[in-house]
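Novice: Contents of data.cif (mmCIF, C-alpha atoms (C1' of nucleotides)):
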```cif
data_protein
loop_
_atom_site.label_atom_id
_atom_site.label_comp_id
_atom_site.auth_asym_id
_atom_site.auth_seq_id
_atom_site.Cartn_x
_atom_site.Cartn_y
_atom_site.Cartn_z
CA MET A 1 28.94 -31.14 52.65
CA ARG A 2 25.81 -30.32 54.65
CA ILE A 3 22.69 -29.29 52.70
CA ALA A 4 19.68 -27.84 54.51
CA THR A 5 16.10 -27.21 53.48
CA TRP A 6 13.86 -24.90 55.52
CA ASN A 7 10.48 -23.32 54.89
CA VAL A 8 10.99 -20.12 56.90
CA ASN A 9 7.50 -18.56 56.48
CA SER A 10 8.76 -15.06 55.62
CA VAL A 11 12.52 -14.53 55.71
CA ASN A 12 12.18 -10.92 56.86
CA ALA A 13 9.72 -11.58 59.68
CA ARG A 14 11.92 -14.50 60.74
CA LEU A 15 15.38 -13.02 60.11
CA GLU A 16 16.63 -13.07 63.70
CA THR A 17 15.56 -16.70 64.16
CA VAL A 18 16.96 -17.77 60.79
CA LEU A 19 20.33 -16.08 61.33
CA ARG A 20 20.63 -17.58 64.81
CA TRP A 21 20.28 -21.04 63.30
CA PHE A 22 22.74 -20.29 60.46
CA GLU A 23 25.35 -18.93 62.87
CA THR A 24 25.16 -22.13 64.92
CA GLU A 25 24.85 -24.72 62.18
CA GLN A 26 26.75 -23.12 59.29
CA PRO A 27 25.32 -25.40 56.59
CA ASP A 28 27.34 -25.42 53.35
CA VAL A 29 24.15 -25.07 51.31
CA ALA A 30 20.62 -24.07 52.25
CA CYS A 31 17.36 -23.94 50.30
CA LEU A 32 14.77 -21.60 51.79
CA GLN A 33 11.07 -21.62 50.94
CA GLU A 34 8.25 -19.16 51.52
CA ILE A 35 10.58 -16.19 51.74
CA LYS A 36 7.50 -14.06 50.91
CA CYS A 37 9.41 -11.18 49.35
CA VAL A 38 10.66 -9.96 45.99
CA ASP A 39 14.37 -10.31 45.13
CA GLU A 40 15.16 -6.70 46.15
CA LYS A 41 13.72 -7.23 49.64
CA PHE A 42 15.70 -10.41 50.35
CA PRO A 43 18.21 -9.73 53.18
CA ALA A 44 21.19 -10.87 51.07
CA GLU A 45 23.77 -8.81 52.98
CA ALA A 46 22.96 -10.56 56.26
CA PHE A 47 23.78 -13.93 54.67
CA GLU A 48 26.79 -12.61 52.76
CA ARG A 49 28.24 -11.47 56.10
CA LEU A 50 28.05 -15.13 57.19
CA GLY A 51 29.99 -16.14 54.07
CA TYR A 52 27.19 -17.18 51.74
CA ASN A 53 26.63 -16.69 48.04
CA VAL A 54 22.98 -15.90 47.39
CA ALA A 55 20.51 -16.77 44.61
CA VAL A 56 16.89 -15.64 44.94
CA HIS A 57 13.70 -16.35 43.04
CA GLY A 58 11.34 -14.06 44.92
CA GLN A 59 7.69 -13.12 44.80
CA LYS A 60 5.58 -10.49 46.53
CA THR A 61 3.48 -11.68 49.51
CA TYR A 62 3.43 -15.40 48.67
CA ASN A 63 5.87 -18.20 47.89
CA GLY A 64 9.45 -17.28 46.94
CA VAL A 65 12.55 -19.50 47.18
CA ALA A 66 16.26 -18.86 47.71
CA MET A 67 19.52 -20.78 47.72
CA LEU A 68 22.56 -19.99 49.85
CA SER A 69 25.98 -21.57 49.43
CA LYS A 70 29.44 -21.16 50.92
CA THR A 71 30.92 -21.87 47.47
CA PRO A 72 29.84 -20.16 44.24
CA LEU A 73 26.57 -21.17 42.62
CA GLU A 74 26.70 -21.93 38.92
CA ASP A 75 24.13 -22.69 36.24
CA VAL A 76 21.32 -21.05 38.25
CA ARG A 77 17.79 -21.82 37.05
CA LYS A 78 14.64 -20.09 38.34
CA GLY A 79 11.35 -21.88 37.80
CA LEU A 80 10.60 -25.32 36.35
CA PRO A 81 10.51 -25.83 32.57
CA ASP A 82 7.14 -25.38 30.81
CA GLY A 83 6.26 -22.49 33.11
CA GLU A 84 4.27 -20.31 30.74
CA GLY A 85 1.21 -19.01 32.58
CA ASP A 86 2.66 -19.97 35.98
CA ASP A 87 3.70 -16.89 37.98
CA HIS A 88 4.43 -18.69 41.28
CA ALA A 89 8.07 -18.57 42.42
CA ARG A 90 8.46 -22.14 43.66
CA TYR A 91 11.68 -23.60 42.22
CA ILE A 92 15.34 -22.63 42.17
CA GLU A 93 18.25 -24.78 41.02
CA ALA A 94 22.01 -24.37 40.88
CA VAL A 95 25.22 -26.33 40.75
CA VAL A 96 27.16 -25.93 43.99
CA SER A 97 30.82 -25.74 43.03
CA GLY A 98 33.49 -27.75 44.81
CA PRO A 99 35.71 -30.81 44.44
CA VAL A 100 32.54 -32.79 43.67
CA PRO A 101 29.95 -30.42 42.15
CA VAL A 102 26.43 -31.09 43.39
CA ARG A 103 23.30 -29.96 41.56
CA VAL A 104 20.68 -28.79 44.05
CA GLY A 105 17.03 -28.01 43.39
CA GLY A 106 15.02 -26.09 46.00
CA ILE A 107 11.31 -26.90 45.90
CA TYR A 108 8.21 -25.23 47.29
CA LEU A 109 5.53 -27.56 46.04
CA PRO A 110 1.97 -26.18 45.94
CA ASN A 111 -0.18 -26.90 49.00
CA GLY A 112 -3.20 -27.82 46.86
CA ASN A 113 -5.99 -27.20 49.37
CA PRO A 114 -8.88 -27.40 49.19
CA ILE A 115 -9.18 -30.60 47.18
CA GLY A 116 -11.62 -30.61 44.29
CA THR A 117 -10.57 -27.11 43.23
CA GLU A 118 -8.21 -25.64 40.66
CA LYS A 119 -5.62 -25.41 43.46
CA PHE A 120 -5.44 -29.18 43.74
CA ALA A 121 -5.26 -29.52 39.96
CA TYR A 122 -2.39 -26.98 39.99
CA LYS A 123 -0.56 -29.05 42.60
CA LEU A 124 -0.79 -32.22 40.51
CA ALA A 125 0.18 -30.39 37.31
CA TRP A 126 3.19 -28.87 39.10
CA MET A 127 4.22 -32.32 40.35
CA ASP A 128 4.00 -33.60 36.78
CA ARG A 129 6.31 -30.82 35.61
CA LEU A 130 8.71 -31.62 38.47
CA HIS A 131 8.61 -35.29 37.47
CA ARG A 132 9.61 -34.51 33.90
CA HIS A 133 12.38 -32.13 35.01
CA ALA A 134 13.73 -34.65 37.53
CA GLN A 135 13.78 -37.26 34.76
CA ALA A 136 15.89 -34.94 32.59
CA LEU A 137 18.28 -34.16 35.46
CA LEU A 138 18.72 -37.83 36.35
CA ALA A 139 19.87 -38.47 32.79
CA LEU A 140 22.91 -36.27 33.56
CA GLU A 141 24.06 -38.95 36.05
CA GLU A 142 25.38 -36.33 38.49
CA PRO A 143 25.11 -35.93 42.25
CA LEU A 144 21.67 -34.32 42.48
CA VAL A 145 19.65 -33.24 45.52
CA LEU A 146 16.01 -32.15 45.14
CA CYS A 147 14.98 -30.80 48.53
CA GLY A 148 12.26 -28.64 49.93
CA ASP A 149 8.72 -28.36 51.19
CA TYR A 150 7.02 -31.04 49.11
CA ASN A 151 3.65 -30.56 50.84
CA VAL A 152 3.19 -34.33 50.68
CA ILE A 153 2.77 -36.73 53.62
CA PRO A 154 4.25 -39.86 52.03
CA GLU A 155 2.87 -42.50 54.42
CA PRO A 156 0.51 -42.75 57.43
CA ARG A 157 3.52 -43.04 59.75
CA ASP A 158 4.53 -39.53 58.62
CA ALA A 159 1.60 -37.98 60.52
CA ASP A 160 0.87 -38.01 64.23
CA LYS A 161 -2.85 -38.32 63.44
CA PRO A 162 -3.12 -39.61 59.86
CA GLU A 163 -6.92 -39.76 60.05
CA ALA A 164 -7.01 -35.98 60.51
CA TRP A 165 -5.38 -35.52 57.07
CA LEU A 166 -7.62 -37.82 55.00
CA GLY A 167 -9.45 -34.89 53.37
CA ASP A 168 -6.31 -32.79 52.95
CA ALA A 169 -4.41 -32.24 49.70
CA LEU A 170 -1.15 -33.22 51.43
CA PHE A 171 -2.38 -36.77 52.01
CA GLN A 172 -4.51 -37.48 48.93
CA PRO A 173 -3.81 -40.73 47.06
CA GLU A 174 -2.98 -38.65 43.94
CA SER A 175 -0.42 -36.54 45.83
CA ARG A 176 1.18 -39.58 47.42
CA ALA A 177 1.23 -41.44 44.09
CA ALA A 178 2.95 -38.49 42.39
CA PHE A 179 5.57 -38.45 45.16
CA ARG A 180 6.11 -42.19 44.74
CA GLY A 181 6.38 -41.58 41.00
CA LEU A 182 9.27 -39.20 41.59
CA LYS A 183 11.05 -41.78 43.73
CA ASN A 184 10.37 -44.46 41.12
CA LEU A 185 12.45 -42.45 38.65
CA GLY A 186 15.42 -43.54 40.76
CA LEU A 187 15.50 -40.94 43.52
CA THR A 188 16.28 -41.99 47.10
CA GLU A 189 14.46 -40.39 50.04
CA ALA A 190 17.32 -39.46 52.38
CA PHE A 191 15.38 -39.67 55.65
CA LEU A 192 14.44 -43.32 55.09
CA GLU A 193 18.10 -44.31 54.67
CA ILE A 194 19.01 -43.31 58.21
CA ASP A 195 18.53 -45.93 60.93
CA GLY A 196 17.13 -44.95 64.27
CA ALA A 197 16.03 -41.44 63.35
CA PRO A 198 14.50 -40.27 66.63
CA GLU A 199 11.91 -37.87 65.21
CA SER A 200 9.70 -38.02 62.19
CA TYR A 201 7.99 -34.66 61.73
CA THR A 202 9.10 -31.43 60.06
CA PHE A 203 5.93 -29.29 60.37
CA TRP A 204 3.58 -28.44 63.22
CA ASP A 205 0.67 -26.07 62.58
CA TYR A 206 0.53 -22.82 64.53
CA GLN A 207 -3.08 -23.58 65.41
CA ALA A 208 -4.74 -25.66 68.09
CA GLY A 209 -1.55 -26.28 70.06
CA ALA A 210 -0.21 -28.65 67.41
CA TRP A 211 3.40 -28.28 68.59
CA ASN A 212 2.63 -28.84 72.28
CA ARG A 213 0.58 -31.93 71.37
CA ASN A 214 3.15 -33.10 68.79
CA HIS A 215 0.48 -33.13 66.10
CA GLY A 216 3.07 -32.97 63.33
CA ILE A 217 3.63 -34.19 59.79
CA ARG A 218 6.75 -34.96 57.74
CA ILE A 219 6.49 -32.99 54.49
CA ASP A 220 10.01 -31.55 53.98
CA HIS A 221 12.13 -34.03 52.07
CA HIS A 222 15.49 -34.58 50.34
CA LEU A 223 15.40 -36.77 47.22
CA LEU A 224 18.81 -37.94 45.96
CA SER A 225 20.11 -39.23 42.64
CA PRO A 226 22.11 -42.48 42.84
CA GLN A 227 25.35 -40.48 42.61
CA ALA A 228 24.28 -38.40 45.64
CA ALA A 229 22.73 -41.29 47.58
CA ASP A 230 26.06 -43.13 47.47
CA ARG A 231 27.56 -40.19 49.38
CA LEU A 232 24.78 -39.83 51.99
CA ARG A 233 26.07 -39.99 55.57
CA ALA A 234 23.34 -38.32 57.66
CA CYS A 235 19.85 -36.81 57.62
CA VAL A 236 18.83 -34.78 60.66
CA ILE A 237 15.53 -33.03 61.45
CA HIS A 238 16.23 -29.99 63.65
CA ARG A 239 13.09 -30.47 65.72
CA ASP A 240 14.12 -28.20 68.60
CA VAL A 241 13.96 -25.11 66.36
CA ARG A 242 10.13 -25.37 66.43
CA GLY A 243 10.30 -24.53 70.15
CA TRP A 244 12.35 -21.34 69.67
CA GLU A 245 10.99 -17.81 69.99
CA LYS A 246 9.00 -16.72 66.93
CA PRO A 247 9.45 -20.01 65.07
CA SER A 248 8.50 -20.98 61.54
CA ASP A 249 5.88 -23.73 61.41
CA HIS A 250 8.53 -25.85 59.60
CA VAL A 251 11.97 -26.85 60.94
CA PRO A 252 15.25 -27.30 59.03
CA VAL A 253 16.16 -30.72 57.65
CA VAL A 254 19.87 -31.26 56.97
CA ILE A 255 21.65 -33.98 55.02
CA GLU A 256 25.37 -34.65 54.98
CA LEU A 257 27.08 -35.84 51.81
CA GLU A 258 30.63 -37.11 51.81
CA VAL A 259 32.32 -35.11 49.04
"C1'" DA B 1 -16.92 -29.19 68.57
"C1'" DT B 2 -15.13 -27.03 61.72
"C1'" DG B 3 -12.38 -24.06 66.45
"C1'" DG B 4 -7.31 -22.29 66.42
"C1'" DT B 5 -2.43 -18.81 64.58
"C1'" DA B 6 0.75 -16.40 61.63
"C1'" DG B 7 2.28 -13.29 57.74
"C1'" DA B 8 1.55 -9.91 54.16
"C1'" DC B 9 -1.31 -6.24 53.47
"C1'" DC B 10 -6.07 -3.10 52.26
"C1'" DT B 11 -9.57 -6.68 54.12
"C1'" DT B 12 -9.02 -11.01 52.65
"C1'" DC B 13 -5.86 -14.67 50.98
"C1'" DT B 14 -2.73 -18.36 51.88
"C1'" DA B 15 -1.10 -21.79 54.68
#
```
As structure tokens, what does this structure read like?
Specialist:
Amino acid sequence: MRIATWNVNSVNARLETVLRWFETEQPDVACLQEIKCVDEKFPAEAFERLGYNVAVHGQKTYNGVAMLSKTPLEDVRKGLPDGEGDDHARYIEAVVSGPVPVRVGGIYLPNGNPIGTEKFAYKLAWMDRLHRHAQALLALEEPLVLCGDYNVIPEPRDADKPEAWLGDALFQPESRAAFRGLKNLGLTEAFLEIDGAPESYTFWDYQAGAWNRNHGIRIDHHLLSPQAADRLRACVIHRDVRGWEKPSDHVPVVIELEV
DNA sequence: ATGGTAGACCTTCTA
């Protein structure tokens, strides 16, 4: 089973590019972030024609997440627990049916910039809610994949120019500590399990020629429960997609689980 | 050198 995560930066503006990738790669499951549309505007038919079941947690203009699966999605949850007062659509979860059911959570973690503002406080509070939810899910002792745009650069090696990110919310000690805290619950970071991964970055800014200069960062991650990590066979960053026509600033990251 | 681009949308916000 191949599970993809991809921040598409508007699914409707990007539809041709996104469908081209889906037609070629045919992932079994995909979590999309920053769809930037309400549920009714999500191009569900285009994905259904490719054989996908669709679950959407949309929002006007900003944010919005979706999950696509070749097999039916069960037990769909939209939003993290304790969400009163939080109107951002940033989390969707479902159990992907099959011989070995896999629970998948799709994450669009808050950016948090600029630091020292309520936006950074919101990021950390959201990460705390994710931590508590992940703890509850791990207690189920199921195959679990929490993937998405975490908006966290875990380590200096995950940035082409780490010094350029020192004042950024994505690389603050608090953000990195919260990400480590998630992993310390017993979640495995899929990318780090793969030897000889040729490319480290998943995001290159549209500005200042970041792609041409390879000024990238690795912020899109798959975290796996022990029951999922035991089945991990591959983790691939689809770097070339950043060079396509009308690209997202993020590229797909795909894991393969033996199920 | 505080630039630069992209998307949604009412003119600025978010990233």
Novice: For the PyMOL selection byres ((chain B) within 9 of (chain A)), applied here, can you spell out every residue it catches as a PyMOL selection string?
Specialist: chain B and resi 3-9+14-15
Novice: Write to file, as a compact mmCIF listing (two decimals), keeping the file's coordinate frame, the residues of the selection just made, with C-alpha atoms (C1' of nucleotides).
Specialist:
```
# COMPACT_ATOMS: atom_id res chain seq x y z
C1' DG B 3 -12.38 -24.06 66.45
C1' DG B 4 -7.31 -22.29 66.42
C1' DT B 5 -2.43 -18.81 64.58
C1' DA B 6 0.75 -16.40 61.63
C1' DG B 7 2.28 -13.29 57.74
C1' DA B 8 1.55 -9.91 54.16
C1' DC B 9 -1.31 -6.24 53.47
C1' DT B 14 -2.73 -18.36 51.88
C1' DA B 15 -1.10 -21.79 54.68
```
Novice: Which residues fall under the PyMOL selection byres ((chain A and resi 138-148) around 8) in this file, as an MDAnalysis selection string?
Specialist: chainID A and resid 5:7 31:33 101:109 134:137 149:150 186 220:229
Novice: For the file shown, what are the residues hit by the PyMOL selection byres ((chain A and resi 256) around 8), laid out as a tab-separated table (two decimals) with C-alpha atoms, in the coordinates of the input?
Specialist:
```tsv
chain	number	residue	atom	x	y	z
A	1	MET	CA	28.94	-31.14	52.65
A	2	ARG	CA	25.81	-30.32	54.65
A	3	ILE	CA	22.69	-29.29	52.70
A	232	LEU	CA	24.78	-39.83	51.99
A	233	ARG	CA	26.07	-39.99	55.57
A	234	ALA	CA	23.34	-38.32	57.66
A	235	CYS	CA	19.85	-36.81	57.62
A	254	VAL	CA	19.87	-31.26	56.97
A	255	ILE	CA	21.65	-33.98	55.02
A	257	LEU	CA	27.08	-35.84	51.81
A	258	GLU	CA	30.63	-37.11	51.81
```
Novice: In Å, with one decimal, what is the gap from atom CA of Val152 of chain A to atom CA of Phe171 of chain A?
Specialist: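 Pair atom CA of Val152 of chain A / atom CA of Phe171 of chain A returns 6.2 Å.
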Novice: Distance cut-off 10 Å, centre (17.0, -14.7, 55.0) in file coordinates, counting only C-alpha atoms (C1' of nucleotides): which residues qualify? Return them as a PyMOL selection string.
Specialist: chain A and resi 8+10-19+22+32-33+35+41-47+54+66-68
Novice: In Å to one decimal, how far is atom CA of Tyr91 of chain A from atom CA of Gly112 of chain A?
Specialist: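 Rounded to one decimal, the two atoms are 16.1 Å apart.
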Novice: Just the number, please: distance in Å from atom CA of Ala121 of chain A to atom CA of Gly167 of chain A, one decimal.
Specialist: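 Computing the Euclidean distance for atom CA of Ala121 of chain A and atom CA of Gly167 of chain A yields 15.0 Å.
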Novice: Between A:Gln59, A:Ser69, A:Asn151, A:Thr117, which residue has the minimum interatomic distance to Val95 of chain A, considering all atoms listed in the file?
Specialist: A:Ser69
Novice: So for segment 1-7 of chain A, what box centre and size do we get, axis-aligned, 4 Å extra on each of the six sides, every listed atom, Å to one decimal, as lines of an AutoDock Vina configuration file?
Specialist:
```
center_x = 19.7
center_y = -27.2
center_z = 54.1
size_x = 26.5
size_y = 15.8
size_z = 10.9
```
Novice: Hey, what's within 12 Å of Ala177 of chain A if we count all atoms listed in the file and toss same-chain stuff fewer than 2 positions away? As a list in words, please?
Specialist: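 Result of the neighbour search: Leu124, Met127, Asp128, His131, Val152, Ile153, Pro154, Glu155, Leu170, Phe171, Gln172, Pro173, Glu174, Ser175, Phe179, Arg180, Gly181, Leu182, Lys183 and Asn184 of chain A.
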